[in-house]
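Remarks on the structure that follows.
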Amino acid sequence: MRIEMRPLESHAEYRALEQLQREVWDLPEVEIVPDHVLLTAQKNGGLVLGAFEVAPGGESGRLVGFVFGFPGLAPGGRLKHCSHMAGVAPAYQNQNLGYRLKLAQREHVLAQGIDLITWTFDPLESRNAALNFHKLGSICRTYLRDLYGSMRDALNVDLPSDRFEVEWRIASPHVAGRLRGEGSSSWLAGLQPERARLVNPPAPGDPPRPAPATLPLEGERLLIQIPANFQALKAADMGLARAWRLHTRELFEAALGLGYVVTDLLYESGQSYYLLEKEGTP
């Protein structure tokens, strides 16, 4: 089935996006962004972009993915696009649709004369991190502790809602290179131990547990390990999931405070590692 990317147009499509939010996140009704807010944002410089199935005759069919954002101001008054929500129907996940939606969002925002998109996500969600950093070329300088307070959706319940705020500098050479498939290797062999040291080797066990002690945060590059599948970990052991939240919170806050920037998510042998680099590291 062919997929078409375009802004939402009809009232029925905005209503379909309300339902898609329920499917993706199992949201209670109070958490649904309603159709009138989505429509108003789009009519006033925002973007509500949908991924639609296309029937053999060329007609748009079911809405199966979306990204929603609006203009905002970065510190200092710089104009940016705030990407608030992005989701893909369960049956269409792991098919590169999220990546295609972000590329279409980038084209739209560039056409508005804006070169910065920001959004937040859970730093322990390895799959999202791989998209945001490794494929799209975003970076992160900001860790937000318990940003949304106690959340009510099924994916985030019972954990502090810590978030990375990522910066996607969509006109930069760094992003252009990542979109061409250039940049950091997916493999760790070229980074350890000479170029980047793993500062939190986990305690033995399955699933892995946070390191009982961490190494000093020093050097031009660091690696910080996170669980490879945080949703499975939460389902199996919420206490261990909380331990990973607090362990990585301490490390990320300390590293970002020392001038490191999150630049990549590397995956090898079933394990996930963030790469952090000092600002200006070649």
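Ordering of the structure tokens sets the chain letters (A, B, ...), residue numbers begin anew at 1 in every chain, and ligands are numbered from 1 in the order given.
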
Give me, as a tab-separated table (two decimals) with C-alpha atoms, in the first residue's frame, all polymer residues having an atom no more than 9 Å from Ala41 (chain A), counting only C-alpha atoms and skipping those fewer than 6 positions away in the same chain.
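Once written, result_28.tsv looks like this:
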```
chain	number	residue	atom	x	y	z
A	47	LEU	CA	1.70	21.88	10.92
A	48	VAL	CA	-0.58	18.87	11.25
A	68	PHE	CA	2.00	17.91	14.89
A	69	GLY	CA	3.89	21.10	15.75
A	70	PHE	CA	3.70	24.88	15.82
```

Which residues of region 30-142 of chain A sit at most 10 Å from region 268-273 of chain A, using only C-alpha atoms? Give each one's shortest atom pair and distance in Å (one decimal place), in chain and ascending residue order, as JSON lines.
```
{"residue": "A:Leu124", "atom": "CA", "partner": "A:Ser272", "partner_atom": "CA", "distance": 9.6}
{"residue": "A:Glu125", "atom": "CA", "partner": "A:Ser272", "partner_atom": "CA", "distance": 9.8}
{"residue": "A:Ser126", "atom": "CA", "partner": "A:Ser272", "partner_atom": "CA", "distance": 6.7}
{"residue": "A:Arg127", "atom": "CA", "partner": "A:Ser272", "partner_atom": "CA", "distance": 9.2}
{"residue": "A:Ala129", "atom": "CA", "partner": "A:Ser272", "partner_atom": "CA", "distance": 9.6}
{"residue": "A:Ala130", "atom": "CA", "partner": "A:Ser272", "partner_atom": "CA", "distance": 9.1}
```

Write out as a PDB file with C-alpha atoms, in the first residue's frame each polymer residue whose atoms come within 8 Å of Leu198 (chain A), counting only C-alpha atoms; drop sequence neighbours fewer than 6 positions from it.
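As a result, part-v8.pdb now contains:
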```pdb
ATOM      1  CA  GLN A 192      36.429   2.225  22.637  1.00  0.00           C
ATOM      2  CA  LEU A 215      33.743   6.250  36.015  1.00  0.00           C
ATOM      3  CA  LEU A 222      31.734   9.437  26.622  1.00  0.00           C
ATOM      4  CA  LEU A 223      29.403   6.474  26.263  1.00  0.00           C
ATOM      5  CA  ILE A 224      26.398   6.014  28.576  1.00  0.00           C
ATOM      6  CA  GLN A 225      24.533   2.708  28.380  1.00  0.00           C
TER       7      GLN A 225
END
```

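Using only C-alpha atoms, the protein and nucleic acid residues lying no more than 12 Å from Glu59 (chain A), apart from those fewer than 3 places from it along its own chain, are Met1, Arg2, Ile3, Glu4, Phe52, Glu53, Val54, Ala55, Pro56 and Arg62 of chain A.
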
Please save N, CA and C atoms of the selected residues as a compact mmCIF listing (two decimals), in the first residue's frame.
```
# COMPACT_ATOMS: atom_id res chain seq x y z
N MET A 1 0.85 -1.19 0.00
CA MET A 1 0.00 0.00 0.00
C MET A 1 0.89 1.24 0.00
N ARG A 2 0.65 2.16 -0.94
CA ARG A 2 1.41 3.40 -1.01
C ARG A 2 0.94 4.35 0.09
N ILE A 3 1.89 5.15 0.63
CA ILE A 3 1.59 6.12 1.68
C ILE A 3 1.83 7.53 1.15
N GLU A 4 0.85 8.41 1.39
CA GLU A 4 0.95 9.81 0.98
C GLU A 4 1.12 10.68 2.22
N PHE A 52 -1.17 9.00 4.96
CA PHE A 52 -2.43 8.38 4.56
C PHE A 52 -2.17 7.20 3.62
N GLU A 53 -2.92 6.12 3.82
CA GLU A 53 -2.94 5.07 2.82
C GLU A 53 -3.53 5.63 1.53
N VAL A 54 -3.00 5.17 0.40
CA VAL A 54 -3.52 5.60 -0.90
C VAL A 54 -4.11 4.38 -1.61
N ALA A 55 -5.38 4.46 -1.95
CA ALA A 55 -6.07 3.36 -2.62
C ALA A 55 -5.54 3.20 -4.05
N PRO A 56 -5.76 2.03 -4.67
CA PRO A 56 -5.30 1.81 -6.05
C PRO A 56 -5.77 2.87 -7.03
N ARG A 62 -7.08 5.67 4.86
CA ARG A 62 -6.97 5.76 6.32
C ARG A 62 -5.72 6.53 6.75
```

Alpha helix (DSSP H) positions in region 18-224 of chain A, given as a ChimeraX atom specification: /A:18-25,35-42,97-111,126-129,173-179

Test item: residues at most 12 Å from Gly113 (chain A), only C-alpha atoms, excluding those fewer than 5 positions along its chain, as a ChimeraX atom specification: /A:45,71,79-81,106-108,170-171

Which residue of A:Arg78, A:Arg15, A:Arg141, A:His134 approaches Asp115 (chain A) most closely, using only C-alpha atoms: A:Arg78

Best match for closeness to Arg245 (chain A) among A:Phe230, A:Trp119, A:Tyr148, A:Trp25, counting only C-alpha atoms: A:Phe230

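Counting only C-alpha atoms, the residue from A:Ile139, A:Leu131, A:Ala228, A:Leu73 that sits nearest to Ile114 (chain A) is A:Leu73.
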